[in-house]
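The block underneath contains the structure these notes are about, expressed in structure tokens.
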Amino acid sequence: MTAQLIDGVALSKKIRAEVAGRAARLTARGVRPGLAVVLVGDNPASQVYVRNKVKACEENGLHSVLEKYDAGLSEAELLARIGALNDDPAIHGILVQLPLPPHIDAHKVIEAISPAKDVDGFHVGSAGALMVGQPGFRPCTPYGCMKMLESIGCNPKGKHAVVIGRSNIVGKPMAMLLLQASATVTVCHSATPDLAFHTRQADIVVAAVGKRNVLTADMVKPGAVVIDVGMNRNDEGKLCGDVDFDGVKEVAGWITPVPGGVGPMTITMLLVNTIESAERAAG
Ligand code: NAP
């Protein structure tokens with residue numbers, strides 16, 4: 001069997017067109033949705049990420065402000081900037097690009113963002129809201145994975161989902177979203193003794209590890225939906241995921257490619273969260 005592809009680029013295009021429509025309607029009412037992206041230091045990967053986020057805003061009718069600071073910015077100065085953005089009515093979403101330089105406590109900075117503008121969904125208040133099933137911003141990558149499942153008509157209810165990875169930004173919120181959707185969820189991590197034992201039982205596998213070939217064909221139940229969040233480089237330096245794509249596509253029912261899978265969805269869901277924030281602010 002050859003799996004069907006879940007095309008993150010095509011799905012993103014569709015969702016971004018909806019975002020652009022909502023942004024135009026809000027702007028016509030005098031509220032232009034605005035995202036502030038804060039970058040401290042000159043990490044090359046972070047520079048690419050923030051550029052892509054700002055570009056996606058511009059292409060879809062959102063206003064974006066990129067605040068770039070050199071690595072010497074103090075924690076107090078950054079907290080003061082976050083305070084000012086919290087109070088700025090033209091800004092509906094605030095994103096602080098991680099990692100921050102080591103002298104700045106990232107946790108403290110994230111907690112300083114108003115939960116009403118926490119479009120990355122990393123604030124403890126947002127994580128708590130997800131945990132107890134209250135409205136709030138969902139972290140963009142797992143939110144995007146849920147949209148991918150929805151796009152292929154895969155309702156997690158009653159299914160067994162295995163999430164590989166338990167980070168605060170991907171694995172844990174992914175597990176919570178699947179649980180909220182009534183899947184039976186298993187979370188695996190580096191101390192899981194027999195990963196294949198779990199993944200072989202899964203109707204849905206989400207791999208969010210950051211290591212190549214964590215999931216191979218022999219570890220997948222025929223027909224399963226496989227979502228690959230990982231971003232790695234292969235021996236030729238090309239972008240690849242955590243999943244052995246060539247092997248697994250022969251067993252799975254559905255699979256996301258890397259690149260062109262979860263990656264574009266992450267930025268798309270950032271736009272969705274920002275629009276939602278602006279709509280709430282506009283009443
Ligand atoms: P992370 O914080 O490093 O977490 C990795 C998780 O994988 C940890 O929970 C770790 O377990 C687990 N793990 C490590 N080795 C394992 C193994 N051999 N078997 C099972 N579990 C293992 O990474 P992250 O931030 O969640 O990101 C994960 C990957 O997704 C990275 O490649 C990242 O670049 C990518 N990513 C992509 C997007 C996107 O938009 N496409 C967005 C975010 C992240 P322990 O907790 O026990 O250490």
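In the structure tokens, chains take letters A, B, ... by order of appearance, with residues numbered from 1 within each chain and ligands from 1 in the order shown.
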
(request) Write out as a VMD selection string each polymer residue whose atoms come within 10 Å of Val214 in chain A, counting only C-alpha atoms; drop sequence neighbours fewer than 2 positions from it. (result) chain A and resid 164 195 to 196 207 to 212 216 219 230 241 to 244

(request) Using backbone DSSP assignments, extract all helix (DSSP H, G or I) residues from range 143-218 of chain A; output them as a VMD selection string. (result) chain A and resid 143 to 151 171 to 180 195 to 199 217 to 218

Resulting file, chosen residues, N, CA, C and O atoms, as a short mmCIF file (atom, residue, chain, number, x, y, z; two decimals), in the first residue's frame:
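Listed below is the output, selection_6.cif:
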data_model
loop_
_atom_site.label_atom_id
_atom_site.label_comp_id
_atom_site.auth_asym_id
_atom_site.auth_seq_id
_atom_site.Cartn_x
_atom_site.Cartn_y
_atom_site.Cartn_z
N TYR A 143 -1.74 22.48 17.01
CA TYR A 143 -3.02 22.97 16.45
C TYR A 143 -3.05 22.66 14.94
O TYR A 143 -4.05 22.18 14.40
N GLY A 144 -1.93 22.91 14.28
CA GLY A 144 -1.83 22.62 12.85
C GLY A 144 -1.98 21.13 12.55
O GLY A 144 -2.61 20.73 11.57
N CYS A 145 -1.40 20.30 13.42
CA CYS A 145 -1.52 18.84 13.24
C CYS A 145 -2.99 18.41 13.34
O CYS A 145 -3.46 17.56 12.57
N MET A 146 -3.73 19.02 14.27
CA MET A 146 -5.15 18.69 14.41
C MET A 146 -5.91 19.10 13.14
O MET A 146 -6.80 18.37 12.69
N LYS A 147 -5.55 20.23 12.58
CA LYS A 147 -6.20 20.69 11.34
C LYS A 147 -5.91 19.72 10.19
O LYS A 147 -6.73 19.50 9.31
N MET A 148 -4.70 19.15 10.21
CA MET A 148 -4.33 18.19 9.16
C MET A 148 -5.19 16.94 9.28
O MET A 148 -5.67 16.40 8.27
N LEU A 149 -5.41 16.49 10.52
CA LEU A 149 -6.27 15.31 10.71
C LEU A 149 -7.68 15.61 10.22
O LEU A 149 -8.30 14.81 9.50
N GLU A 150 -8.17 16.80 10.60
CA GLU A 150 -9.53 17.21 10.19
C GLU A 150 -9.64 17.24 8.66
O GLU A 150 -10.64 16.80 8.10
N SER A 151 -8.56 17.71 8.00
CA SER A 151 -8.61 17.88 6.54
C SER A 151 -8.75 16.56 5.80
O SER A 151 -9.22 16.53 4.66
N GLY A 171 4.89 18.05 22.01
CA GLY A 171 4.39 16.74 22.47
C GLY A 171 3.23 16.83 23.46
O GLY A 171 2.16 16.23 23.24
N LYS A 172 3.43 17.59 24.55
CA LYS A 172 2.38 17.64 25.58
C LYS A 172 1.09 18.28 25.07
O LYS A 172 0.01 17.69 25.23
N PRO A 173 1.17 19.48 24.43
CA PRO A 173 -0.11 20.03 23.93
C PRO A 173 -0.75 19.15 22.86
O PRO A 173 -1.98 19.07 22.76
N MET A 174 0.07 18.46 22.06
CA MET A 174 -0.48 17.55 21.05
C MET A 174 -1.30 16.45 21.73
O MET A 174 -2.41 16.12 21.31
N ALA A 175 -0.73 15.90 22.79
CA ALA A 175 -1.42 14.83 23.52
C ALA A 175 -2.73 15.37 24.11
O ALA A 175 -3.77 14.70 24.06
N MET A 176 -2.69 16.59 24.64
CA MET A 176 -3.90 17.17 25.24
C MET A 176 -4.98 17.41 24.19
O MET A 176 -6.16 17.17 24.43
N LEU A 177 -4.57 17.88 23.01
CA LEU A 177 -5.56 18.15 21.95
C LEU A 177 -6.20 16.84 21.47
O LEU A 177 -7.40 16.79 21.22
N LEU A 178 -5.38 15.80 21.37
CA LEU A 178 -5.92 14.50 20.94
C LEU A 178 -6.85 13.92 21.99
O LEU A 178 -7.89 13.34 21.68
N LEU A 179 -6.47 14.11 23.25
CA LEU A 179 -7.32 13.64 24.36
C LEU A 179 -8.65 14.38 24.36
O LEU A 179 -9.72 13.78 24.52
N GLN A 180 -8.56 15.70 24.14
CA GLN A 180 -9.77 16.52 24.08
C GLN A 180 -10.69 16.06 22.94
O GLN A 180 -11.90 16.15 23.04
N LEU A 195 9.57 1.54 22.06
CA LEU A 195 8.74 2.49 21.32
C LEU A 195 7.84 1.76 20.30
O LEU A 195 6.65 2.06 20.17
N ALA A 196 8.43 0.79 19.61
CA ALA A 196 7.70 0.09 18.55
C ALA A 196 6.47 -0.63 19.09
O ALA A 196 5.43 -0.72 18.42
N PHE A 197 6.55 -1.14 20.33
CA PHE A 197 5.42 -1.82 20.95
C PHE A 197 4.20 -0.89 20.95
O PHE A 197 3.07 -1.32 20.68
N HIS A 198 4.43 0.38 21.25
CA HIS A 198 3.33 1.35 21.32
C HIS A 198 2.90 1.79 19.93
O HIS A 198 1.71 1.82 19.61
N THR A 199 3.87 2.14 19.09
CA THR A 199 3.50 2.71 17.78
C THR A 199 2.77 1.68 16.90
O THR A 199 1.91 2.05 16.13
N ALA A 217 9.19 1.64 9.01
CA ALA A 217 8.02 0.92 8.50
C ALA A 217 7.56 -0.21 9.42
O ALA A 217 6.36 -0.42 9.61
N ASP A 218 8.51 -0.93 10.01
CA ASP A 218 8.16 -2.07 10.87
C ASP A 218 7.48 -1.63 12.18
O ASP A 218 6.98 -2.46 12.93
#

(request) Between A:Leu130, A:Asn52, A:Pro135, A:Ala252, single out the one closest to ligand 1, counting only C-alpha atoms and all ligand atoms. (result) A:Asn52

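Considering only C-alpha atoms and all ligand atoms, the residues that reside within 6 Å of ligand 1 can be listed as Thr141, Ile164, Gly165, Arg166, Ser167, Ile169, Val170, Gly171, Cys188, His189, Ser190, Ala191, Ala208, Val209, Gly210, Val229, Gly230, Met231, Asn232, Val262, Gly263 and Thr266 of chain A.
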
Can you tell me, as a JSON list (two decimals) with N, CA, C and O atoms, in the first residue's frame, what residues are no more than 12 Å from His123 in chain A when counting only C-alpha atoms, ignoring any on the same chain fewer than 4 positions away?
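Generated file (around_30.json):
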[["chain", "number", "residue", "atom", "x", "y", "z"],
["A", 94, "ILE", "N", 1.51, 38.68, 20.38],
["A", 94, "ILE", "CA", 2.94, 38.93, 20.66],
["A", 94, "ILE", "C", 3.66, 37.60, 20.61],
["A", 94, "ILE", "O", 3.25, 36.63, 21.27],
["A", 95, "LEU", "N", 4.73, 37.59, 19.85],
["A", 95, "LEU", "CA", 5.51, 36.36, 19.74],
["A", 95, "LEU", "C", 6.97, 36.69, 20.05],
["A", 95, "LEU", "O", 7.54, 37.59, 19.42],
["A", 96, "VAL", "N", 7.53, 36.03, 21.03],
["A", 96, "VAL", "CA", 8.96, 36.21, 21.32],
["A", 96, "VAL", "C", 9.66, 34.98, 20.75],
["A", 96, "VAL", "O", 9.40, 33.84, 21.18],
["A", 106, "ALA", "N", 13.64, 32.83, 29.76],
["A", 106, "ALA", "CA", 12.57, 32.74, 28.74],
["A", 106, "ALA", "C", 11.21, 32.55, 29.40],
["A", 106, "ALA", "O", 10.20, 33.12, 28.95],
["A", 107, "HIS", "N", 11.18, 31.77, 30.48],
["A", 107, "HIS", "CA", 9.92, 31.51, 31.17],
["A", 107, "HIS", "C", 9.30, 32.82, 31.68],
["A", 107, "HIS", "O", 8.11, 33.09, 31.48],
["A", 108, "LYS", "N", 10.16, 33.64, 32.28],
["A", 108, "LYS", "CA", 9.70, 34.93, 32.82],
["A", 108, "LYS", "C", 9.14, 35.82, 31.69],
["A", 108, "LYS", "O", 8.13, 36.49, 31.87],
["A", 109, "VAL", "N", 9.81, 35.79, 30.56],
["A", 109, "VAL", "CA", 9.40, 36.62, 29.42],
["A", 109, "VAL", "C", 8.05, 36.15, 28.88],
["A", 109, "VAL", "O", 7.14, 36.94, 28.63],
["A", 110, "ILE", "N", 7.92, 34.84, 28.70],
["A", 110, "ILE", "CA", 6.65, 34.29, 28.17],
["A", 110, "ILE", "C", 5.50, 34.61, 29.14],
["A", 110, "ILE", "O", 4.40, 34.98, 28.72],
["A", 111, "GLU", "N", 5.80, 34.50, 30.43],
["A", 111, "GLU", "CA", 4.75, 34.78, 31.42],
["A", 111, "GLU", "C", 4.37, 36.26, 31.46],
["A", 111, "GLU", "O", 3.31, 36.62, 31.96],
["A", 112, "ALA", "N", 5.26, 37.13, 30.94],
["A", 112, "ALA", "CA", 4.96, 38.57, 30.92],
["A", 112, "ALA", "C", 4.00, 38.94, 29.79],
["A", 112, "ALA", "O", 3.39, 40.01, 29.82],
["A", 113, "ILE", "N", 3.87, 38.05, 28.81],
["A", 113, "ILE", "CA", 2.95, 38.33, 27.69],
["A", 113, "ILE", "C", 1.52, 38.20, 28.21],
["A", 113, "ILE", "O", 1.20, 37.23, 28.91],
["A", 114, "SER", "N", 0.69, 39.16, 27.86],
["A", 114, "SER", "CA", -0.71, 39.05, 28.27],
["A", 114, "SER", "C", -1.32, 37.78, 27.67],
["A", 114, "SER", "O", -1.19, 37.56, 26.46],
["A", 115, "PRO", "N", -2.01, 36.94, 28.46],
["A", 115, "PRO", "CA", -2.62, 35.73, 27.90],
["A", 115, "PRO", "C", -3.57, 36.07, 26.74],
["A", 115, "PRO", "O", -3.73, 35.27, 25.82],
["A", 116, "ALA", "N", -4.12, 37.28, 26.74],
["A", 116, "ALA", "CA", -5.02, 37.68, 25.65],
["A", 116, "ALA", "C", -4.27, 37.88, 24.32],
["A", 116, "ALA", "O", -4.88, 37.92, 23.26],
["A", 117, "LYS", "N", -2.93, 38.01, 24.40],
["A", 117, "LYS", "CA", -2.12, 38.22, 23.18],
["A", 117, "LYS", "C", -1.12, 37.08, 22.95],
["A", 117, "LYS", "O", -0.24, 37.17, 22.11],
["A", 118, "ASP", "N", -1.28, 36.00, 23.71],
["A", 118, "ASP", "CA", -0.31, 34.88, 23.68],
["A", 118, "ASP", "C", -0.59, 33.95, 22.49],
["A", 118, "ASP", "O", -0.98, 32.79, 22.67],
["A", 119, "VAL", "N", -0.36, 34.46, 21.28],
["A", 119, "VAL", "CA", -0.76, 33.70, 20.09],
["A", 119, "VAL", "C", 0.12, 32.47, 19.82],
["A", 119, "VAL", "O", -0.24, 31.62, 19.01],
["A", 127, "ALA", "N", -1.60, 27.08, 28.55],
["A", 127, "ALA", "CA", -1.41, 25.64, 28.76],
["A", 127, "ALA", "C", -2.47, 25.12, 29.74],
["A", 127, "ALA", "O", -3.05, 24.03, 29.53],
["A", 128, "GLY", "N", -2.75, 25.89, 30.78],
["A", 128, "GLY", "CA", -3.76, 25.50, 31.77],
["A", 128, "GLY", "C", -5.14, 25.44, 31.14],
["A", 128, "GLY", "O", -5.92, 24.52, 31.40],
["A", 129, "ALA", "N", -5.44, 26.43, 30.29],
["A", 129, "ALA", "CA", -6.75, 26.47, 29.62],
["A", 129, "ALA", "C", -6.92, 25.22, 28.75],
["A", 129, "ALA", "O", -7.99, 24.61, 28.72],
["A", 130, "LEU", "N", -5.85, 24.83, 28.06],
["A", 130, "LEU", "CA", -5.91, 23.63, 27.22],
["A", 130, "LEU", "C", -6.14, 22.40, 28.10],
["A", 130, "LEU", "O", -6.96, 21.53, 27.79],
["A", 136, "GLY", "N", -8.80, 29.26, 24.72],
["A", 136, "GLY", "CA", -7.48, 29.89, 24.88],
["A", 136, "GLY", "C", -6.69, 29.57, 23.62],
["A", 136, "GLY", "O", -7.15, 28.81, 22.78],
["A", 137, "PHE", "N", -5.52, 30.18, 23.50],
["A", 137, "PHE", "CA", -4.71, 29.93, 22.31],
["A", 137, "PHE", "C", -4.03, 28.58, 22.40],
["A", 137, "PHE", "O", -3.42, 28.25, 23.42],
["A", 138, "ARG", "N", -4.12, 27.80, 21.34],
["A", 138, "ARG", "CA", -3.47, 26.49, 21.27],
["A", 138, "ARG", "C", -2.11, 26.66, 20.60],
["A", 138, "ARG", "O", -2.02, 27.37, 19.58],
["A", 139, "PRO", "N", -1.06, 26.00, 21.10],
["A", 139, "PRO", "CA", 0.25, 26.11, 20.44],
["A", 139, "PRO", "C", 0.15, 25.74, 18.95],
["A", 139, "PRO", "O", -0.53, 24.77, 18.59],
["A", 168, "ASN", "N", 7.03, 20.88, 25.93],
["A", 168, "ASN", "CA", 5.91, 21.77, 26.26],
["A", 168, "ASN", "C", 5.31, 22.42, 25.03],
["A", 168, "ASN", "O", 4.16, 22.83, 25.04],
["A", 169, "ILE", "N", 6.11, 22.53, 23.96],
["A", 169, "ILE", "CA", 5.59, 23.25, 22.79],
["A", 169, "ILE", "C", 4.96, 22.33, 21.75],
["A", 169, "ILE", "O", 4.14, 22.76, 20.96]]

(message) For the structure I just gave you, how does DSSP split range 82-176 of chain A - specifically, which residues are strand (DSSP E)? Reply as a PyMOL selection string.
(response) chain A and resi 93-96+160-164

(request) Extract, using only C-alpha atoms, all DNA, RNA and protein residues at most 10 Å from Leu66 in chain A, discarding same-chain residues fewer than 5 positions from it, and format them as an NGL selection string. (result) :A and (35-39 or 50-51 or 53-54 or 95)

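By only C-alpha atoms, and with residues fewer than 4 positions from Asp7 in chain A along its chain excluded, the set lying at most 8 Å from it is A:Leu11, A:Thr256, A:Pro257, A:Gly260, A:Gly261.
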
(message) Which residues are close to Ile104 in chain A, i.e. within 12 Å by only C-alpha atoms, leaving aside same-chain residues fewer than 6 positions away? Reply as a VMD selection string.
(response) chain A and resid 40 to 41 71 to 79 96 98 110

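CA of Asp88 in chain A to CA of Ala282 in chain A spans 13.9 Å [interatomic distance, one decimal].
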
Neighbours of range 221-226 of chain A within 8 Å (only C-alpha atoms; same-chain residues fewer than 4 positions away dropped), as a PDB file with N, CA and C atoms, in the first residue's frame?
ATOM      1  N   ALA A   3       0.822   5.215   0.948  1.00  0.00           N
ATOM      2  CA  ALA A   3       0.021   6.170   1.722  1.00  0.00           C
ATOM      3  C   ALA A   3      -0.364   7.381   0.887  1.00  0.00           C
ATOM      4  N   THR A 199       3.872   2.144  19.091  1.00  0.00           N
ATOM      5  CA  THR A 199       3.503   2.709  17.782  1.00  0.00           C
ATOM      6  C   THR A 199       2.774   1.682  16.904  1.00  0.00           C
ATOM      7  N   ARG A 200       3.095   0.397  17.080  1.00  0.00           N
ATOM      8  CA  ARG A 200       2.446  -0.635  16.258  1.00  0.00           C
ATOM      9  C   ARG A 200       0.952  -0.748  16.545  1.00  0.00           C
ATOM     10  N   GLN A 201       0.526  -0.235  17.705  1.00  0.00           N
ATOM     11  CA  GLN A 201      -0.902  -0.290  18.053  1.00  0.00           C
ATOM     12  C   GLN A 201      -1.641   0.983  17.652  1.00  0.00           C
ATOM     13  N   ALA A 202      -0.913   1.946  17.113  1.00  0.00           N
ATOM     14  CA  ALA A 202      -1.501   3.275  16.933  1.00  0.00           C
ATOM     15  C   ALA A 202      -2.250   3.439  15.614  1.00  0.00           C
ATOM     16  N   ASP A 203      -3.436   4.078  15.718  1.00  0.00           N
ATOM     17  CA  ASP A 203      -4.157   4.489  14.511  1.00  0.00           C
ATOM     18  C   ASP A 203      -3.596   5.826  14.011  1.00  0.00           C
ATOM     19  N   ILE A 204      -3.087   6.619  14.967  1.00  0.00           N
ATOM     20  CA  ILE A 204      -2.485   7.922  14.635  1.00  0.00           C
ATOM     21  C   ILE A 204      -1.133   7.984  15.343  1.00  0.00           C
ATOM     22  N   VAL A 205      -0.075   8.308  14.611  1.00  0.00           N
ATOM     23  CA  VAL A 205       1.232   8.520  15.243  1.00  0.00           C
ATOM     24  C   VAL A 205       1.683   9.945  14.944  1.00  0.00           C
ATOM     25  N   VAL A 206       2.081  10.669  15.983  1.00  0.00           N
ATOM     26  CA  VAL A 206       2.677  11.993  15.784  1.00  0.00           C
ATOM     27  C   VAL A 206       4.108  11.916  16.293  1.00  0.00           C
ATOM     28  N   ALA A 207       5.067  12.131  15.409  1.00  0.00           N
ATOM     29  CA  ALA A 207       6.479  12.064  15.799  1.00  0.00           C
ATOM     30  C   ALA A 207       7.011  13.476  15.973  1.00  0.00           C
ATOM     31  N   VAL A 251       3.414   1.585   4.195  1.00  0.00           N
ATOM     32  CA  VAL A 251       2.606   0.891   5.213  1.00  0.00           C
ATOM     33  C   VAL A 251       1.444   1.765   5.691  1.00  0.00           C
ATOM     34  N   ALA A 252       1.719   3.047   5.874  1.00  0.00           N
ATOM     35  CA  ALA A 252       0.718   3.962   6.444  1.00  0.00           C
ATOM     36  C   ALA A 252      -0.417   4.213   5.459  1.00  0.00           C
ATOM     37  N   GLY A 253      -1.553   4.725   5.997  1.00  0.00           N
ATOM     38  CA  GLY A 253      -2.670   5.123   5.145  1.00  0.00           C
ATOM     39  C   GLY A 253      -2.504   6.565   4.680  1.00  0.00           C
ATOM     40  N   TRP A 254      -1.991   7.391   5.602  1.00  0.00           N
ATOM     41  CA  TRP A 254      -1.766   8.810   5.325  1.00  0.00           C
ATOM     42  C   TRP A 254      -0.431   9.190   5.930  1.00  0.00           C
ATOM     43  N   ILE A 255       0.260  10.142   5.310  1.00  0.00           N
ATOM     44  CA  ILE A 255       1.556  10.566   5.855  1.00  0.00           C
ATOM     45  C   ILE A 255       1.818  12.032   5.475  1.00  0.00           C
ATOM     46  N   THR A 256       2.465  12.762   6.374  1.00  0.00           N
ATOM     47  CA  THR A 256       2.865  14.143   6.043  1.00  0.00           C
ATOM     48  C   THR A 256       4.313  14.131   5.553  1.00  0.00           C
TER      49      THR A 256
END
